Structure formats: structure tokens, C-alpha cells
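Novice: start_36.txt is reproduced below (compact mmCIF, C-alpha atoms and all ligand atoms).
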# COMPACT_ATOMS: atom_id res chain seq x y z
CA MET S 47 23.29 -101.78 -26.30
CA ALA S 48 26.32 -103.97 -26.96
CA GLN S 49 27.64 -106.15 -24.13
CA LYS S 50 31.31 -106.30 -25.02
CA TYR S 51 33.80 -103.54 -25.66
CA TYR S 52 36.59 -103.28 -28.21
CA THR S 53 38.93 -100.46 -27.23
CA VAL S 54 40.72 -98.70 -30.07
CA THR S 55 43.75 -96.53 -29.22
CA TRP S 56 45.02 -93.66 -31.38
CA ASP S 57 47.96 -95.83 -32.39
CA GLN S 58 45.72 -98.72 -33.41
CA LEU S 59 43.38 -96.43 -35.33
CA HIS S 60 46.35 -95.02 -37.23
CA ARG S 61 47.65 -98.52 -38.10
CA ASP S 62 44.20 -99.83 -39.10
CA SER S 63 43.52 -96.72 -41.22
CA LYS S 64 46.88 -97.18 -42.98
CA ALA S 65 46.03 -100.85 -43.61
CA LEU S 66 42.78 -99.65 -45.21
CA ALA S 67 44.74 -97.13 -47.31
CA TRP S 68 46.95 -99.95 -48.67
CA ARG S 69 43.88 -101.92 -49.71
CA LEU S 70 42.20 -98.88 -51.27
CA LEU S 71 45.32 -97.90 -53.20
CA GLU S 72 44.88 -100.98 -55.43
CA ARG S 73 41.60 -99.69 -56.82
CA GLY S 74 42.37 -95.94 -57.02
CA PRO S 75 43.05 -93.23 -57.96
CA TYR S 76 40.06 -91.36 -56.56
CA ARG S 77 38.74 -87.96 -57.58
CA GLY S 78 38.13 -87.14 -53.93
CA ILE S 79 37.09 -88.44 -50.54
CA VAL S 80 33.72 -88.01 -48.87
CA ALA S 81 34.13 -88.16 -45.08
CA ILE S 82 31.07 -89.12 -43.05
CA THR S 83 30.98 -86.76 -40.09
CA ARG S 84 31.95 -86.97 -37.45
CA GLY S 85 33.54 -90.38 -36.92
CA GLY S 86 34.80 -90.67 -40.50
CA LEU S 87 36.80 -87.42 -40.35
CA ILE S 88 39.89 -88.85 -38.67
CA PRO S 89 40.27 -92.00 -40.82
CA ALA S 90 39.60 -89.73 -43.82
CA ALA S 91 42.47 -87.40 -42.86
CA ILE S 92 44.88 -90.34 -42.40
CA ILE S 93 43.84 -92.04 -45.65
CA ALA S 94 43.82 -88.78 -47.66
CA ARG S 95 47.46 -88.30 -46.61
CA GLU S 96 48.42 -91.84 -47.65
CA LEU S 97 46.57 -91.70 -51.00
CA ASP S 98 47.85 -88.16 -51.70
CA CYS S 99 44.27 -86.94 -52.08
CA ARG S 100 43.57 -83.27 -51.34
CA LEU S 101 39.91 -82.96 -52.30
CA ILE S 102 37.73 -83.74 -49.28
CA GLU S 103 33.93 -83.40 -49.15
CA SER S 104 31.78 -84.22 -46.12
CA VAL S 105 28.32 -85.64 -45.56
CA SER S 106 26.36 -85.58 -42.31
CA ILE S 107 23.57 -88.04 -41.53
CA VAL S 108 21.67 -87.75 -38.28
CA THR S 109 20.20 -91.16 -37.47
CA TYR S 110 18.74 -90.18 -34.10
CA ASP S 111 16.38 -87.26 -33.77
CA GLU S 112 14.35 -86.32 -30.65
CA GLU S 113 11.21 -85.68 -32.69
CA LYS S 114 11.49 -88.20 -35.52
CA ARG S 115 13.02 -91.25 -33.86
CA GLY S 116 14.85 -93.61 -36.18
CA GLU S 117 14.32 -91.60 -39.38
CA PRO S 118 17.72 -90.74 -40.87
CA ARG S 119 18.08 -87.09 -41.91
CA VAL S 120 20.66 -85.65 -44.30
CA ALA S 121 22.02 -82.67 -42.32
CA LYS S 122 24.71 -81.85 -44.93
CA PRO S 123 24.62 -83.34 -48.45
CA PRO S 124 27.87 -84.23 -50.30
CA VAL S 125 27.24 -81.71 -53.09
CA ALA S 126 30.73 -81.79 -54.65
CA ALA S 127 30.64 -85.55 -55.23
CA GLY S 128 27.81 -85.73 -57.82
CA ASP S 129 26.62 -89.34 -58.14
CA GLY S 130 29.84 -90.57 -56.49
CA GLU S 131 31.63 -91.67 -59.68
CA GLY S 132 35.35 -91.94 -58.86
CA TRP S 133 34.83 -90.90 -55.21
CA LEU S 134 35.76 -92.76 -52.05
CA ILE S 135 33.39 -92.62 -49.05
CA LEU S 136 35.01 -93.16 -45.63
CA ASP S 137 33.58 -93.84 -42.19
CA ASP S 138 35.05 -95.17 -38.95
CA LEU S 139 32.64 -98.10 -38.76
CA VAL S 140 29.51 -99.71 -40.07
CA ASP S 141 27.15 -101.18 -37.46
CA THR S 142 23.52 -101.73 -38.56
CA GLY S 143 24.25 -100.29 -42.02
CA THR S 144 21.59 -97.53 -41.68
CA THR S 145 24.07 -94.67 -42.29
CA ALA S 146 25.72 -96.53 -45.18
CA ARG S 147 22.39 -97.22 -46.91
CA VAL S 148 21.37 -93.53 -46.81
CA ILE S 149 24.76 -92.42 -48.19
CA ARG S 150 24.82 -95.13 -50.88
CA ALA S 151 21.47 -93.82 -52.10
CA LEU S 152 23.02 -90.31 -52.35
CA LEU S 153 26.27 -91.49 -54.02
CA PRO S 154 25.42 -94.77 -55.81
CA LYS S 155 28.66 -94.90 -57.85
CA ALA S 156 31.15 -94.27 -55.03
CA HIS S 157 33.36 -96.85 -53.31
CA PHE S 158 32.35 -97.21 -49.64
CA ALA S 159 35.01 -98.11 -47.06
CA THR S 160 35.15 -98.31 -43.27
CA VAL S 161 37.91 -99.22 -40.85
CA TYR S 162 35.69 -101.45 -38.67
CA ALA S 163 32.56 -103.46 -39.49
CA LYS S 164 29.90 -105.44 -37.65
CA PRO S 165 28.12 -108.35 -39.40
CA ALA S 166 24.76 -106.59 -39.97
CA GLY S 167 26.44 -103.72 -41.81
CA LYS S 168 29.07 -105.70 -43.71
CA PRO S 169 26.99 -106.15 -46.90
CA THR S 170 26.65 -102.35 -47.22
CA VAL S 171 30.41 -101.64 -47.46
CA ASP S 172 32.85 -102.45 -50.27
CA THR S 173 36.06 -102.55 -48.19
CA PHE S 174 36.83 -102.76 -44.46
CA ILE S 175 39.73 -103.90 -42.28
CA THR S 176 38.57 -105.38 -38.96
CA GLU S 177 35.33 -107.15 -38.08
CA VAL S 178 33.90 -107.26 -34.55
CA SER S 179 30.78 -109.13 -33.38
CA GLN S 180 27.39 -107.40 -33.46
CA ASP S 181 27.18 -107.26 -29.64
CA THR S 182 30.53 -105.46 -29.37
CA TRP S 183 30.68 -101.68 -28.85
CA ILE S 184 33.76 -100.10 -30.40
CA LEU S 185 35.30 -97.49 -28.08
CA PHE S 186 37.12 -94.83 -30.09
CA PRO S 187 39.96 -92.75 -28.63
CA TRP S 188 38.02 -89.47 -29.04
CA ASP S 189 35.18 -90.89 -26.90
CA THR S 190 37.36 -92.17 -24.06
CA GLU S 191 40.13 -91.15 -21.68
CA PRO S 192 42.56 -93.14 -19.50
CA GLN S 193 41.48 -93.64 -15.90
CA PHE S 194 42.70 -95.41 -12.76
CA ILE S 195 41.89 -99.14 -12.60
CA ALA S 196 42.31 -101.12 -9.35
CA PRO S 197 45.07 -103.81 -9.31
CA ILE S 198 43.74 -107.24 -10.37
CA ALA S 199 44.48 -108.72 -6.90
CA LYS S 200 42.32 -106.04 -5.27
CA SER S 201 39.51 -106.27 -7.79
CA VAL S 202 39.14 -110.09 -7.32
CA ALA S 203 39.66 -110.07 -3.50
CA GLN S 204 36.75 -111.14 -1.18
O1 LIG G 301 25.76 -98.53 -39.30
P1 LIG G 301 25.07 -97.59 -38.36
O2 LIG G 301 24.16 -98.34 -37.40
O3 LIG G 301 24.36 -96.47 -39.04
O4 LIG G 301 26.17 -96.97 -37.38
C1 LIG G 301 27.40 -96.50 -37.85
C2 LIG G 301 27.49 -95.00 -37.69
O5 LIG G 301 27.27 -94.64 -36.31
C3 LIG G 301 28.32 -93.80 -35.86
O6 LIG G 301 28.08 -92.45 -36.16
P2 LIG G 301 27.04 -91.55 -35.35
O7 LIG G 301 25.76 -91.48 -36.15
O8 LIG G 301 26.90 -92.07 -33.96
O9 LIG G 301 27.64 -90.11 -35.36
P3 LIG G 301 29.12 -89.58 -35.16
O10 LIG G 301 29.96 -90.15 -36.27
O11 LIG G 301 28.95 -88.10 -35.27
O12 LIG G 301 29.59 -90.02 -33.81
C4 LIG G 301 29.52 -94.26 -36.67
O13 LIG G 301 30.50 -93.21 -36.76
C5 LIG G 301 28.92 -94.54 -38.03
O14 LIG G 301 28.85 -93.38 -38.83
O1 LIG G 302 31.50 -95.33 -30.86
C1 LIG G 302 30.72 -96.11 -31.44
N1 LIG G 302 30.93 -97.45 -31.36
C2 LIG G 302 30.11 -98.38 -31.96
O2 LIG G 302 30.34 -99.59 -31.87
C3 LIG G 302 29.00 -97.85 -32.69
N2 LIG G 302 27.97 -98.42 -33.40
C4 LIG G 302 27.22 -97.41 -33.87
N3 LIG G 302 27.72 -96.22 -33.49
C5 LIG G 302 28.83 -96.46 -32.76
N4 LIG G 302 29.67 -95.60 -32.13
MG MG G 303 29.43 -91.60 -37.68
Would you mind writing the file's structure down as C-alpha cells?

Specialist:
Amino acid sequence: MAQKYYTVTWDQLHRDSKALAWRLLERGPYRGIVAITRGGLIPAAIIARELDCRLIESVSIVTYDEEKRGEPRVAKPPVAAGDGEGWLILDDLVDTGTTARVIRALLPKAHFATVYAKPAGKPTVDTFITEVSQDTWILFPWDTEPQFIAPIAKSVAQ
């Protein structure tokens, strides 16, 4: 498990996804977007709006399974996207690159983009916006909620 945390707010996710849309615009247009569920769905919605793309397919890869530990399983294939020619694949982040490798094998001709990337997964994506270190855990707004934090003076006292 990562030791550091990188907290992403809704506002930051929106800005970073729009920055990714600007970069992706240069190499479009795209026939459609393949969103990697579930984390890729929100960046995909933001980027689809910016690129004026209305055709959205999804793909679901389960990388953790109680019975078959570590063996990625395609829970929902991206049937509409063929071999990926002209399609854009979107995910929130790439970490080890396991998810990206499975999806690249399914859609070898697609362009693969993520908002965030860690070094081990970087070679598996074509475009990303922000890099964080491998030992950093990215905290997304849908996985977190605001909570009370003690004043600094109290937390360092004694
Ligand atoms: O590069 P990797 O090591 O494969 O990790 C990256 C993947 O892990 C997370 O998804 P997860 O499988 O946890 O599912 P979720 O999107 O449904 O939360 C994240 O959204 C990426 O899809
Ligand atoms: O919320 C998440 N943050 C991460 O850094 C990460 N890496 C893999 N899967 C992840 N999910
Ligand atoms: Mg995911």
C-alpha cells in the first residue's frame, strides 16, 4: 500500500480532465470514447463534453478476484469499439499498468489516456496530465468525504 496521499477534489478533477481534453483535441477527432469502469466514467463524461463526442462505450476489468487472485478478468468487453481504430480509451489513472495492458490487448489501435499516472504504468499510456510517485495513493472525491481535523496547535501539543 502507498505511504503518501494525493487528494484530488472535484474541482481539481474537472480542471485536470479539461487539461487532458485540450491535449487530446490536437489528435482527434475520435469515433467514440471507451470509458474504463468505474473510475474512468467521470473523466470520460467531462472529456466527452469538451470533445463534443456522444458515442460512449464501456469496458470493465476486474483485477482482484477472491478465487483467482491477481488474474485480470474482462467483466464487460468493449464490443462497439472493434479493434479500437479511431477510439479514445479513458481512465482516471494508471498505477501498475495491469488494467491498461489488458485493455490495450482488446483495443490495440485505440489511443489510451489517463488523467493521472504513476511511473510503473506510464509506458502503457499514450497521454496523461499529472504524474505522482509510485508510493503515492491518489484519493478521488468519490472515495472520500470531508471530516473534522483538529487544529494544528492541538495536534502538535504535548
Ligand atoms: O494500473 P493498475 O494497477 O491496473 O491500476 C489502475 C486501475 O485501478 C483503479 O481501478 P479499480 O480496478 O480499482 O476499479 P474501479 O475503477 O472500479 O475503482 C483505477 O481506476 C484504474 O482503473
Ligand atoms: O483510488 C485509487 N487510487 C490509487 O492511487 C490507485 N491505484 C490503483 N487503484 C487506485 N485507486
Ligand atoms: Mg478503474

Novice: For a quick check of understanding, using all atoms listed in the file, which of S:Val148, S:Leu185, S:Ala91, S:Ile79 has the smallest distance to Glu103 in chain S?

Specialist: S:Ile79

Novice: Contacts between ligand MG 303 (chain G) and chain S, please, where a residue of chain S counts if it comes within 10 Å (with only C-alpha atoms and all ligand atoms); show its shortest atom pair and distance in Å to one decimal, rows by chain and ascending number, as a tab-separated table.

Specialist:
residue	atom	partner	partner_atom	distance
S:Ala81	CA	G:MG303	MG	9.4
S:Ile82	CA	G:MG303	MG	6.1
S:Thr83	CA	G:MG303	MG	5.6
S:Arg84	CA	G:MG303	MG	5.3
S:Gly85	CA	G:MG303	MG	4.4
S:Gly86	CA	G:MG303	MG	6.1
S:Leu87	CA	G:MG303	MG	8.9
S:Val105	CA	G:MG303	MG	9.9
S:Ser106	CA	G:MG303	MG	8.2
S:Ile107	CA	G:MG303	MG	7.9
S:Val108	CA	G:MG303	MG	8.7
S:Thr109	CA	G:MG303	MG	9.2
S:Leu136	CA	G:MG303	MG	9.8
S:Asp137	CA	G:MG303	MG	6.5
S:Asp138	CA	G:MG303	MG	6.8
S:Leu139	CA	G:MG303	MG	7.3
S:Val140	CA	G:MG303	MG	8.5
S:Asp141	CA	G:MG303	MG	9.9
S:Thr145	CA	G:MG303	MG	7.7
S:Ala146	CA	G:MG303	MG	9.7

Novice: Of the residues S:Ser201, S:Gln49, S:Gln193, S:Ser63, which is the one nearest to ligand LIG 302 (chain G), using all atoms listed in the file?

Specialist: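 Of S:Ser201, S:Gln49, S:Gln193, S:Ser63, the one nearest ligand LIG 302 (chain G) is S:Gln49, counting all atoms listed in the file.
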
Novice: Which residue gives the smallest distance to ligand LIG 302 (chain G) among S:Lys164, S:Arg77, S:Arg147, S:Lys200, with all atoms listed in the file counted?

Specialist: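 Smallest distance to ligand LIG 302 (chain G) is found for S:Lys164.
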
Novice: At a cut-off of 10 Å around ligand LIG 302 (chain G), and using all atoms listed in the file, what residues come up? Please write them as JSON, numbers by chain.

Specialist: {"S": [47, 48, 50, 51, 52, 53, 54, 85, 109, 138, 139, 140, 141, 142, 143, 144, 145, 162, 163, 164, 178, 179, 180, 181, 182, 183, 184, 185, 186, 187, 188, 189, 190]}

Novice: Which centre and edge lengths in Å to one decimal define the box along x, y and z that fits every listed atom of ligand LIG 301 (chain G) plus 3 Å per side, as AutoDock Vina command-line options?

Specialist:
--center_x 27.3 --center_y -93.3 --center_z -36.6 --size_x 12.3 --size_y 16.4 --size_z 11.5

Novice: Using all atoms listed in the file, which protein or nucleic acid residues come within 8 Å of Gly132 in chain S? Drop anything in the same chain fewer than 6 positions from it, and give the result as a list in words.

Specialist: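 Result of the neighbour search: Pro75, Tyr76, Arg77, Gly78, Lys155, Ala156 and His157 of chain S.
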
Novice: CA of Asp57 in chain S and CA of Ala196 in chain S, how far apart in Å?

Specialist: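 A separation of 24.3 Å between them.
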
Novice: Have a look at atom O10 of ligand LIG 301 (chain G) and CA of Ile195 in chain S and let me know their distance in Å, one decimal.

Specialist: 28.0 Å

Novice: Between S:Ile93, S:Ala121, S:Ile198, S:Leu71, which one has atoms that come closest to Thr160 in chain S, using only C-alpha atoms?

Specialist: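 Checking each of S:Ile93, S:Ala121, S:Ile198, S:Leu71 against Thr160 in chain S, counting only C-alpha atoms, the winner is S:Ile93.
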
Novice: For CA of Pro154 in chain S and CA of Tyr110 in chain S, quote the distance in Å rounded to one decimal.

Specialist: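 Pair CA of Pro154 in chain S / CA of Tyr110 in chain S returns 23.2 Å.
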
Novice: Here is a test: counting only C-alpha atoms, which residue of S:Pro192, S:Phe174, S:Val80, S:Gly130 is nearest to Lys64 in chain S?

Specialist: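 Closest residue, counting only C-alpha atoms: S:Phe174.
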
Novice: Restricting the calculation to only C-alpha atoms and all ligand atoms, which member of S:Leu70, S:Ile175, S:Ala126, S:Val120 is positioned closest to ligand LIG 301 (chain G)?

Specialist: S:Val120

Novice: At a cut-off of 12 Å, using only C-alpha atoms, what residues contact Trp68 in chain S? Leave out same-chain residues fewer than 5 positions from it and give the result as a ChimeraX atom specification.

Specialist: /S:61-63,73-74,92-97,161,173-175
